[in-house]
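*Asks:* Shown below is the structure under consideration.
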Amino acid sequence: MMATKGAVKPIRIVMGKVGLDGHDRGVKVVARALRDAGYEVIYTGLRQTPEMIVDAALQEDAQVIGLSLHSGAHMTLFPAVVEELKRRKATDIVVFGGGIIPEDDIEALKKQGVEELFTPGTPLQDIVAWLKKRFPEGGST
Amino acid sequence: MRALARAITLVERRDPAVRELQQALRDRVRPAYVVGFTGAPGTGKSTIVDGLISLLRKQERSVAVIATDPNSPFTGGAILGDRIRMQRHALDPKVFIRSMGARGHLGGLSLAAREAIRLLGAFGFDPVILETVGVGQSELEVAAVADTTVVVLTPNLGDGVQMIKAGILEIADIFVVNKSDLEGHKRVALELRGMLNLSPKAAWRPPIIATAAVRQEGIEELWAAIEAHRKHLETTGRASAQAEKRLKDETAEVVAEVARERARDALGEDSKLSQRLLQDGTPYEVADEILRNHIMNSE
Ligand SMILES: Nc1nc2c(ncn2[C@@H]2O[C@H](COP(=O)(O)OP(=O)(O)OP(=O)(O)O)[C@@H](O)[C@H]2O)c(=O)[nH]1
Ligand SMILES: [Mg+2]
């Protein structure tokens with residue numbers, strides 16, 4: 001009988017930079033756009049290892065992990081996050097990524113379990129639209 | 001760990017399942033000691049908390065942090081960035097960090113925080129550190145939940161100590177002047193001491209601790225002050241008095257939450273009720289009726 005009807009169920013997204021590059025402007029712009037679209041973004045900062053970002057997503061009970069990477073190591077680090085999610089039995093967490101990623105790599109990464117990839121210049125609305133479509137009911141998992 | 005994280009989500013959503021969960025855990029609950037940090041944006045709260053985690057881990061204690069930030073009142077979204085400063089504790093299983101949007105519920109933060117603290121205590125985390133940006137009413141909510149409330153100031157206060165928000169002096173059990181590597185920290189501490197001396201004599205005089213959290217300086221002194229305050233609460237009997245008062249407050253909040261929800265339902269579903277409300281132009285008669293018909297006599 002505890003009241004809940006008005007309860008908010010925002011989607012929680014853990015975002016971070018994996019790899020060694022120190023550019024976080026892009027990921028911060030995306031984080032702000034997602035906040036403005038009503039998402040709760042937990043920003044973890046630079047130089048995250050796959051283990052760190054997955055652990056943060058588990059503690060934060062996030063439904064989504066958003067990765068950003070500009071060092072060119074996406075083919076190893078993005079799949080490593082997916083692997084770590086498998087190891088932690090948390091494959092229900094959706095992974096998306098952003099960075100300078102060639103077309104061929106995008107297909108390969110999707111096959112390996114990264115659900116969506118965004119390259120520089122993708123309109124921010126496209127990322128929001130993808131999330132809205134992926135979580136139409138606004139977060140009740 | 002995922003079970004704990006999930007349970008906190010339920011608490012945040014005010015899910016009915018929380019009730020059963022809390023009941024089930026009741027025997028396991030060892031109340032954790034709660035230290036609240038508040039202060040203006042950017043004063044260094046998260047950096048201090050990060051330092052405290054290190055200190056407590058050296059003492060082999062399990063630490064949990066609940067870091068809250070306001071949600072946008074317009075979109076409900078938020079950027080929660082306090083974890084960034086605590087990254088060196090990532091992957092330490094004895095450190096649990098949870099970011100919470102304050103989600104703009106009336107009293108919601110303190111209710112959610114209290115229940116989350118209970119869960120964290122049941123999972124063996126003690127102390128629990130609560131960080132909240134001191135905007136709006138949030139510092140009052142922290143003080144209502146924390147056993148020891150720490151207010152963080154910095155030397156760059158602009159117009160000086162007089163500009164400290166009203167109400168802050170009353171809620172602080174401990175003041176921290178952080179960024180004491182910067183110029184002006186002595187003046188801030190002095191002015192603050194002067195102001196505190198003007199307030200009526202109390203059994204506990206809030207100490208002023210200088211820290212330079214980026215250099216891990218003053219953290220041990222801060223922890224010693226927190227321990228001293230804890231001892232003070234225990235030896236004066238204030239700890240148990242406070243626990244009783246808080247349980248009563250919390251109960252009142254739960255009652256209010258249920259009542260509010262029922263009232264909203266009634267007003268939403270019963271068009272005659274809303275008609276009458278518009279005719280009356282004041283809420284009292286309809287409120288009485290809702291109390292009678294939807295809150296007192298319903299199950
Ligand atoms: N000079 C100096 N800078 C510090 C000190 N402690 C923290 N900072 C810096 O102050 C900035 C804010 O630190 P945070 O720990 O994020 O502050 P906060 O109060 O948690 O910030 P919010 O949660 O956004 O309100 C960072 O750039 C820190 O590096 C200090 O002792 N000296
Ligand atoms: Mg902070």
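Chain labels run A, B, ... following the order of the structure tokens; each chain numbers its residues from 1, and ligands are numbered from 1 in the order shown.
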Give me, as a count of residues only, the set of residues whose atoms come within 10 Å of any atom of ligand 1, counting only C-alpha atoms and all ligand atoms.
*Replies:* 50
*Asks:* Output the contact residues of chain B with respect to chain A at a cut-off of 7 Å, based on only C-alpha atoms, as a PDB file with all heavy atoms, in the first residue's frame.
*Replies:*
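Dumped to selection10.pdb:
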ATOM      1  N   ARG B   2      24.776  -6.967  -6.652  1.00  0.00           N
ATOM      2  CA  ARG B   2      23.710  -6.502  -7.520  1.00  0.00           C
ATOM      3  C   ARG B   2      22.377  -6.467  -6.772  1.00  0.00           C
ATOM      4  O   ARG B   2      21.542  -5.599  -7.015  1.00  0.00           O
ATOM      5  CB  ARG B   2      23.592  -7.401  -8.746  1.00  0.00           C
ATOM      6  CG  ARG B   2      23.007  -6.623  -9.880  1.00  0.00           C
ATOM      7  CD  ARG B   2      23.168  -7.228 -11.224  1.00  0.00           C
ATOM      8  NE  ARG B   2      22.780  -6.215 -12.202  1.00  0.00           N
ATOM      9  CZ  ARG B   2      22.331  -6.495 -13.406  1.00  0.00           C
ATOM     10  NH1 ARG B   2      22.231  -7.735 -13.795  1.00  0.00           N
ATOM     11  NH2 ARG B   2      21.993  -5.528 -14.228  1.00  0.00           N
ATOM     12  N   ALA B   5      22.295  -3.247  -4.997  1.00  0.00           N
ATOM     13  CA  ALA B   5      22.099  -2.146  -5.947  1.00  0.00           C
ATOM     14  C   ALA B   5      20.648  -2.088  -6.421  1.00  0.00           C
ATOM     15  O   ALA B   5      20.046  -1.024  -6.530  1.00  0.00           O
ATOM     16  CB  ALA B   5      23.040  -2.318  -7.142  1.00  0.00           C
ATOM     17  N   ARG B   6      20.080  -3.259  -6.675  1.00  0.00           N
ATOM     18  CA  ARG B   6      18.678  -3.330  -7.111  1.00  0.00           C
ATOM     19  C   ARG B   6      17.736  -2.847  -6.016  1.00  0.00           C
ATOM     20  O   ARG B   6      16.771  -2.131  -6.278  1.00  0.00           O
ATOM     21  CB  ARG B   6      18.322  -4.786  -7.463  1.00  0.00           C
ATOM     22  CG  ARG B   6      18.899  -5.232  -8.782  1.00  0.00           C
ATOM     23  CD  ARG B   6      17.818  -5.143  -9.851  1.00  0.00           C
ATOM     24  NE  ARG B   6      18.401  -4.961 -11.175  1.00  0.00           N
ATOM     25  CZ  ARG B   6      18.590  -5.949 -12.045  1.00  0.00           C
ATOM     26  NH1 ARG B   6      18.239  -7.185 -11.722  1.00  0.00           N
ATOM     27  NH2 ARG B   6      19.107  -5.700 -13.218  1.00  0.00           N
ATOM     28  N   THR B   9      17.550   0.764  -5.868  1.00  0.00           N
ATOM     29  CA  THR B   9      16.694   1.306  -6.925  1.00  0.00           C
ATOM     30  C   THR B   9      15.229   1.279  -6.500  1.00  0.00           C
ATOM     31  O   THR B   9      14.492   2.245  -6.702  1.00  0.00           O
ATOM     32  CB  THR B   9      16.868   0.491  -8.221  1.00  0.00           C
ATOM     33  OG1 THR B   9      18.241   0.551  -8.606  1.00  0.00           O
ATOM     34  CG2 THR B   9      15.999   1.050  -9.343  1.00  0.00           C
ATOM     35  N   ARG B  13      12.685   4.441  -6.094  1.00  0.00           N
ATOM     36  CA  ARG B  13      11.416   4.551  -6.823  1.00  0.00           C
ATOM     37  C   ARG B  13      10.227   4.506  -5.895  1.00  0.00           C
ATOM     38  O   ARG B  13       9.101   4.551  -6.348  1.00  0.00           O
ATOM     39  CB  ARG B  13      11.297   3.388  -7.812  1.00  0.00           C
ATOM     40  CG  ARG B  13      12.267   3.499  -8.941  1.00  0.00           C
ATOM     41  CD  ARG B  13      12.107   2.298  -9.845  1.00  0.00           C
ATOM     42  NE  ARG B  13      13.028   2.405 -10.956  1.00  0.00           N
ATOM     43  CZ  ARG B  13      13.232   1.447 -11.851  1.00  0.00           C
ATOM     44  NH1 ARG B  13      12.572   0.310 -11.729  1.00  0.00           N
ATOM     45  NH2 ARG B  13      14.072   1.620 -12.829  1.00  0.00           N
ATOM     46  N   ARG B  14      10.482   4.354  -4.612  1.00  0.00           N
ATOM     47  CA  ARG B  14       9.401   4.209  -3.636  1.00  0.00           C
ATOM     48  C   ARG B  14       8.510   3.042  -4.018  1.00  0.00           C
ATOM     49  O   ARG B  14       7.292   3.139  -4.017  1.00  0.00           O
ATOM     50  CB  ARG B  14       8.581   5.508  -3.511  1.00  0.00           C
ATOM     51  CG  ARG B  14       9.395   6.766  -3.416  1.00  0.00           C
ATOM     52  CD  ARG B  14      10.153   6.917  -2.126  1.00  0.00           C
ATOM     53  NE  ARG B  14       9.315   6.834  -0.941  1.00  0.00           N
ATOM     54  CZ  ARG B  14       9.603   6.060   0.096  1.00  0.00           C
ATOM     55  NH1 ARG B  14      10.673   5.293   0.091  1.00  0.00           N
ATOM     56  NH2 ARG B  14       8.819   6.032   1.138  1.00  0.00           N
ATOM     57  N   ASP B  15       9.156   1.935  -4.351  1.00  0.00           N
ATOM     58  CA  ASP B  15       8.417   0.757  -4.778  1.00  0.00           C
ATOM     59  C   ASP B  15       7.824   0.036  -3.571  1.00  0.00           C
ATOM     60  O   ASP B  15       8.462  -0.063  -2.527  1.00  0.00           O
ATOM     61  CB  ASP B  15       9.389  -0.184  -5.510  1.00  0.00           C
ATOM     62  CG  ASP B  15       8.677  -1.284  -6.242  1.00  0.00           C
ATOM     63  OD1 ASP B  15       8.183  -2.227  -5.586  1.00  0.00           O
ATOM     64  OD2 ASP B  15       8.625  -1.199  -7.481  1.00  0.00           O
ATOM     65  N   PRO B  16       6.599  -0.484  -3.714  1.00  0.00           N
ATOM     66  CA  PRO B  16       5.968  -1.164  -2.579  1.00  0.00           C
ATOM     67  C   PRO B  16       6.783  -2.353  -2.068  1.00  0.00           C
ATOM     68  O   PRO B  16       6.687  -2.711  -0.894  1.00  0.00           O
ATOM     69  CB  PRO B  16       4.637  -1.657  -3.152  1.00  0.00           C
ATOM     70  CG  PRO B  16       4.407  -0.875  -4.388  1.00  0.00           C
ATOM     71  CD  PRO B  16       5.727  -0.416  -4.893  1.00  0.00           C
ATOM     72  N   THR B  75      13.236  18.461 -16.845  1.00  0.00           N
ATOM     73  CA  THR B  75      13.271  17.219 -17.612  1.00  0.00           C
ATOM     74  C   THR B  75      13.376  15.994 -16.712  1.00  0.00           C
ATOM     75  O   THR B  75      13.167  14.871 -17.168  1.00  0.00           O
ATOM     76  CB  THR B  75      14.494  17.193 -18.550  1.00  0.00           C
ATOM     77  OG1 THR B  75      15.680  17.125 -17.749  1.00  0.00           O
ATOM     78  CG2 THR B  75      14.534  18.429 -19.415  1.00  0.00           C
ATOM     79  N   GLY B  76      13.720  16.186 -15.435  1.00  0.00           N
ATOM     80  CA  GLY B  76      13.920  15.042 -14.561  1.00  0.00           C
ATOM     81  C   GLY B  76      15.288  14.410 -14.718  1.00  0.00           C
ATOM     82  O   GLY B  76      15.680  13.542 -13.953  1.00  0.00           O
ATOM     83  N   GLY B  77      16.035  14.849 -15.704  1.00  0.00           N
ATOM     84  CA  GLY B  77      17.357  14.276 -15.944  1.00  0.00           C
ATOM     85  C   GLY B  77      18.403  14.848 -14.998  1.00  0.00           C
ATOM     86  O   GLY B  77      18.153  15.811 -14.286  1.00  0.00           O
ATOM     87  N   ALA B  78      19.571  14.224 -14.985  1.00  0.00           N
ATOM     88  CA  ALA B  78      20.625  14.701 -14.098  1.00  0.00           C
ATOM     89  C   ALA B  78      21.967  14.201 -14.597  1.00  0.00           C
ATOM     90  O   ALA B  78      22.040  13.174 -15.282  1.00  0.00           O
ATOM     91  CB  ALA B  78      20.396  14.207 -12.673  1.00  0.00           C
ATOM     92  N   ILE B  79      23.013  14.957 -14.262  1.00  0.00           N
ATOM     93  CA  ILE B  79      24.363  14.424 -14.429  1.00  0.00           C
ATOM     94  C   ILE B  79      24.938  14.249 -13.038  1.00  0.00           C
ATOM     95  O   ILE B  79      25.034  15.202 -12.268  1.00  0.00           O
ATOM     96  CB  ILE B  79      25.263  15.352 -15.268  1.00  0.00           C
ATOM     97  CG1 ILE B  79      24.724  15.433 -16.696  1.00  0.00           C
ATOM     98  CG2 ILE B  79      26.703  14.836 -15.272  1.00  0.00           C
ATOM     99  CD1 ILE B  79      25.559  16.300 -17.618  1.00  0.00           C
ATOM    100  N   LEU B  80      25.260  13.013 -12.696  1.00  0.00           N
ATOM    101  CA  LEU B  80      25.758  12.710 -11.365  1.00  0.00           C
ATOM    102  C   LEU B  80      27.250  12.424 -11.506  1.00  0.00           C
ATOM    103  O   LEU B  80      27.632  11.421 -12.110  1.00  0.00           O
ATOM    104  CB  LEU B  80      24.993  11.503 -10.802  1.00  0.00           C
ATOM    105  CG  LEU B  80      23.455  11.599 -10.939  1.00  0.00           C
ATOM    106  CD1 LEU B  80      22.785  10.292 -10.551  1.00  0.00           C
ATOM    107  CD2 LEU B  80      22.906  12.743 -10.103  1.00  0.00           C
ATOM    108  N   GLY B  81      28.061  13.332 -10.984  1.00  0.00           N
ATOM    109  CA  GLY B  81      29.489  13.240 -11.292  1.00  0.00           C
ATOM    110  C   GLY B  81      30.391  13.053 -10.090  1.00  0.00           C
ATOM    111  O   GLY B  81      31.609  13.204 -10.197  1.00  0.00           O
ATOM    112  N   ARG B  83      31.254  10.412  -8.482  1.00  0.00           N
ATOM    113  CA  ARG B  83      32.124   9.224  -8.545  1.00  0.00           C
ATOM    114  C   ARG B  83      33.503   9.536  -9.103  1.00  0.00           C
ATOM    115  O   ARG B  83      34.474   8.867  -8.759  1.00  0.00           O
ATOM    116  CB  ARG B  83      31.514   8.184  -9.488  1.00  0.00           C
ATOM    117  CG  ARG B  83      30.397   7.385  -8.967  1.00  0.00           C
ATOM    118  CD  ARG B  83      30.099   6.268  -9.967  1.00  0.00           C
ATOM    119  NE  ARG B  83      30.844   5.085  -9.635  1.00  0.00           N
ATOM    120  CZ  ARG B  83      30.374   4.124  -8.844  1.00  0.00           C
ATOM    121  NH1 ARG B  83      29.176   4.210  -8.348  1.00  0.00           N
ATOM    122  NH2 ARG B  83      31.104   3.077  -8.565  1.00  0.00           N
ATOM    123  N   ILE B  84      33.550  10.525 -10.006  1.00  0.00           N
ATOM    124  CA  ILE B  84      34.812  10.824 -10.685  1.00  0.00           C
ATOM    125  C   ILE B  84      35.950  10.977  -9.683  1.00  0.00           C
ATOM    126  O   ILE B  84      37.051  10.489  -9.895  1.00  0.00           O
ATOM    127  CB  ILE B  84      34.698  12.144 -11.492  1.00  0.00           C
ATOM    128  CG1 ILE B  84      33.580  12.028 -12.513  1.00  0.00           C
ATOM    129  CG2 ILE B  84      36.019  12.488 -12.172  1.00  0.00           C
ATOM    130  CD1 ILE B  84      33.296  13.342 -13.234  1.00  0.00           C
ATOM    131  N   ALA B  90      37.552   2.414  -7.086  1.00  0.00           N
ATOM    132  CA  ALA B  90      36.803   1.517  -7.963  1.00  0.00           C
ATOM    133  C   ALA B  90      37.371   0.119  -7.794  1.00  0.00           C
ATOM    134  O   ALA B  90      38.571  -0.050  -7.581  1.00  0.00           O
ATOM    135  CB  ALA B  90      36.938   1.982  -9.412  1.00  0.00           C
ATOM    136  N   LEU B  91      36.503  -0.871  -7.857  1.00  0.00           N
ATOM    137  CA  LEU B  91      36.879  -2.284  -7.775  1.00  0.00           C
ATOM    138  C   LEU B  91      37.229  -2.740  -6.368  1.00  0.00           C
ATOM    139  O   LEU B  91      37.546  -3.904  -6.160  1.00  0.00           O
ATOM    140  CB  LEU B  91      38.038  -2.617  -8.726  1.00  0.00           C
ATOM    141  CG  LEU B  91      37.756  -2.385 -10.211  1.00  0.00           C
ATOM    142  CD1 LEU B  91      38.982  -2.739 -11.040  1.00  0.00           C
ATOM    143  CD2 LEU B  91      36.562  -3.203 -10.666  1.00  0.00           C
ATOM    144  N   PHE B  96      31.252   0.928  -1.556  1.00  0.00           N
ATOM    145  CA  PHE B  96      30.051   0.935  -2.394  1.00  0.00           C
ATOM    146  C   PHE B  96      29.633   2.385  -2.599  1.00  0.00           C
ATOM    147  O   PHE B  96      29.372   3.106  -1.639  1.00  0.00           O
ATOM    148  CB  PHE B  96      28.927   0.154  -1.710  1.00  0.00           C
ATOM    149  CG  PHE B  96      27.731  -0.064  -2.595  1.00  0.00           C
ATOM    150  CD1 PHE B  96      27.563  -1.248  -3.294  1.00  0.00           C
ATOM    151  CD2 PHE B  96      26.767   0.930  -2.726  1.00  0.00           C
ATOM    152  CE1 PHE B  96      26.461  -1.450  -4.117  1.00  0.00           C
ATOM    153  CE2 PHE B  96      25.657   0.729  -3.544  1.00  0.00           C
ATOM    154  CZ  PHE B  96      25.511  -0.465  -4.241  1.00  0.00           C
ATOM    155  N   ILE B  97      29.617   2.814  -3.841  1.00  0.00           N
ATOM    156  CA  ILE B  97      29.272   4.212  -4.132  1.00  0.00           C
ATOM    157  C   ILE B  97      28.002   4.246  -4.965  1.00  0.00           C
ATOM    158  O   ILE B  97      27.898   3.558  -5.996  1.00  0.00           O
ATOM    159  CB  ILE B  97      30.415   4.918  -4.881  1.00  0.00           C
ATOM    160  CG1 ILE B  97      31.697   4.877  -4.034  1.00  0.00           C
ATOM    161  CG2 ILE B  97      30.035   6.371  -5.194  1.00  0.00           C
ATOM    162  CD1 ILE B  97      32.955   5.237  -4.805  1.00  0.00           C
ATOM    163  N   ARG B  98      27.062   5.032  -4.549  1.00  0.00           N
ATOM    164  CA  ARG B  98      25.808   5.119  -5.278  1.00  0.00           C
ATOM    165  C   ARG B  98      25.442   6.584  -5.489  1.00  0.00           C
ATOM    166  O   ARG B  98      25.419   7.364  -4.541  1.00  0.00           O
ATOM    167  CB  ARG B  98      24.724   4.416  -4.469  1.00  0.00           C
ATOM    168  CG  ARG B  98      23.375   4.419  -5.119  1.00  0.00           C
ATOM    169  CD  ARG B  98      23.376   3.628  -6.422  1.00  0.00           C
ATOM    170  NE  ARG B  98      22.034   3.591  -6.934  1.00  0.00           N
ATOM    171  CZ  ARG B  98      21.332   2.484  -7.125  1.00  0.00           C
ATOM    172  NH1 ARG B  98      21.869   1.301  -6.888  1.00  0.00           N
ATOM    173  NH2 ARG B  98      20.107   2.544  -7.579  1.00  0.00           N
ATOM    174  N   SER B  99      25.167   6.939  -6.728  1.00  0.00           N
ATOM    175  CA  SER B  99      24.752   8.301  -7.047  1.00  0.00           C
ATOM    176  C   SER B  99      23.238   8.346  -7.087  1.00  0.00           C
ATOM    177  O   SER B  99      22.606   7.451  -7.628  1.00  0.00           O
ATOM    178  CB  SER B  99      25.300   8.710  -8.415  1.00  0.00           C
ATOM    179  OG  SER B  99      26.652   8.331  -8.541  1.00  0.00           O
ATOM    180  N   GLU B 257       3.266  10.515   2.920  1.00  0.00           N
ATOM    181  CA  GLU B 257       3.434  10.056   1.548  1.00  0.00           C
ATOM    182  C   GLU B 257       2.214   9.251   1.083  1.00  0.00           C
ATOM    183  O   GLU B 257       1.696   9.459  -0.012  1.00  0.00           O
ATOM    184  CB  GLU B 257       4.700   9.204   1.435  1.00  0.00           C
ATOM    185  CG  GLU B 257       4.990   8.762   0.015  1.00  0.00           C
ATOM    186  CD  GLU B 257       6.245   7.923  -0.093  1.00  0.00           C
ATOM    187  OE1 GLU B 257       6.391   6.964   0.682  1.00  0.00           O
ATOM    188  OE2 GLU B 257       7.065   8.217  -0.974  1.00  0.00           O
ATOM    189  N   VAL B 258       1.762   8.353   1.946  1.00  0.00           N
ATOM    190  CA  VAL B 258       0.589   7.545   1.607  1.00  0.00           C
ATOM    191  C   VAL B 258      -0.629   8.448   1.426  1.00  0.00           C
ATOM    192  O   VAL B 258      -1.376   8.348   0.447  1.00  0.00           O
ATOM    193  CB  VAL B 258       0.317   6.478   2.698  1.00  0.00           C
ATOM    194  CG1 VAL B 258      -0.986   5.755   2.413  1.00  0.00           C
ATOM    195  CG2 VAL B 258       1.474   5.495   2.768  1.00  0.00           C
ATOM    196  N   GLU B 261      -0.605  10.503  -1.768  1.00  0.00           N
ATOM    197  CA  GLU B 261      -0.896   9.694  -2.950  1.00  0.00           C
ATOM    198  C   GLU B 261      -2.391   9.385  -3.049  1.00  0.00           C
ATOM    199  O   GLU B 261      -2.993   9.494  -4.112  1.00  0.00           O
ATOM    200  CB  GLU B 261      -0.072   8.409  -2.863  1.00  0.00           C
ATOM    201  CG  GLU B 261       0.323   7.828  -4.185  1.00  0.00           C
ATOM    202  CD  GLU B 261       1.170   8.778  -5.017  1.00  0.00           C
ATOM    203  OE1 GLU B 261       2.036   9.513  -4.466  1.00  0.00           O
ATOM    204  OE2 GLU B 261       0.934   8.789  -6.230  1.00  0.00           O
TER     205      GLU B 261
END
*Asks:* For the structure I just gave you, how does DSSP split range 3-249 of chain B - specifically, which residues are strand (DSSP E or B)? Reply as a VMD selection string.
*Replies:* chain B and resid 34 to 39 63 to 69 78 to 80 95 to 101 128 to 133 148 to 153 174 to 177 208 to 210 212 217
*Asks:* Just the residues within 8 Å of Ala73 in chain A, please, counting only C-alpha atoms, with nothing from its chain fewer than 4 positions along; format it as a PDB file with all heavy atoms, in the first residue's frame.
*Replies:*
ATOM      1  N   GLY A  19      40.116   3.579 -22.159  1.00  0.00           N
ATOM      2  CA  GLY A  19      41.353   3.820 -22.873  1.00  0.00           C
ATOM      3  C   GLY A  19      42.079   5.013 -22.315  1.00  0.00           C
ATOM      4  O   GLY A  19      41.686   5.604 -21.309  1.00  0.00           O
ATOM      5  N   LEU A  69      35.548   6.661 -26.727  1.00  0.00           N
ATOM      6  CA  LEU A  69      36.944   6.275 -26.916  1.00  0.00           C
ATOM      7  C   LEU A  69      37.476   6.922 -28.185  1.00  0.00           C
ATOM      8  O   LEU A  69      36.820   6.883 -29.224  1.00  0.00           O
ATOM      9  CB  LEU A  69      37.006   4.742 -27.034  1.00  0.00           C
ATOM     10  CG  LEU A  69      38.364   4.084 -27.169  1.00  0.00           C
ATOM     11  CD1 LEU A  69      38.324   2.717 -26.524  1.00  0.00           C
ATOM     12  CD2 LEU A  69      38.743   3.942 -28.630  1.00  0.00           C
ATOM     13  N   LEU A  77      38.693  -2.700 -26.567  1.00  0.00           N
ATOM     14  CA  LEU A  77      38.099  -2.258 -25.303  1.00  0.00           C
ATOM     15  C   LEU A  77      36.576  -2.383 -25.274  1.00  0.00           C
ATOM     16  O   LEU A  77      36.011  -2.762 -24.256  1.00  0.00           O
ATOM     17  CB  LEU A  77      38.537  -0.827 -24.987  1.00  0.00           C
ATOM     18  CG  LEU A  77      39.995  -0.739 -24.539  1.00  0.00           C
ATOM     19  CD1 LEU A  77      40.454   0.712 -24.442  1.00  0.00           C
ATOM     20  CD2 LEU A  77      40.192  -1.438 -23.200  1.00  0.00           C
TER      21      LEU A  77
END
*Asks:* With only C-alpha atoms as the basis for distance, which of B:Glu227, B:Glu60, B:Glu12, B:Asp27 is at the shortest distance from Gly101 in chain B?
*Replies:*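 When distances to Gly101 in chain B are compared using only C-alpha atoms, the smallest one comes from B:Glu12.
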*Asks:* Just asking: which residues within range 204-261 of chain B are alpha helix (DSSP H) according to DSSP, as a count of residues only?
*Replies:* 41
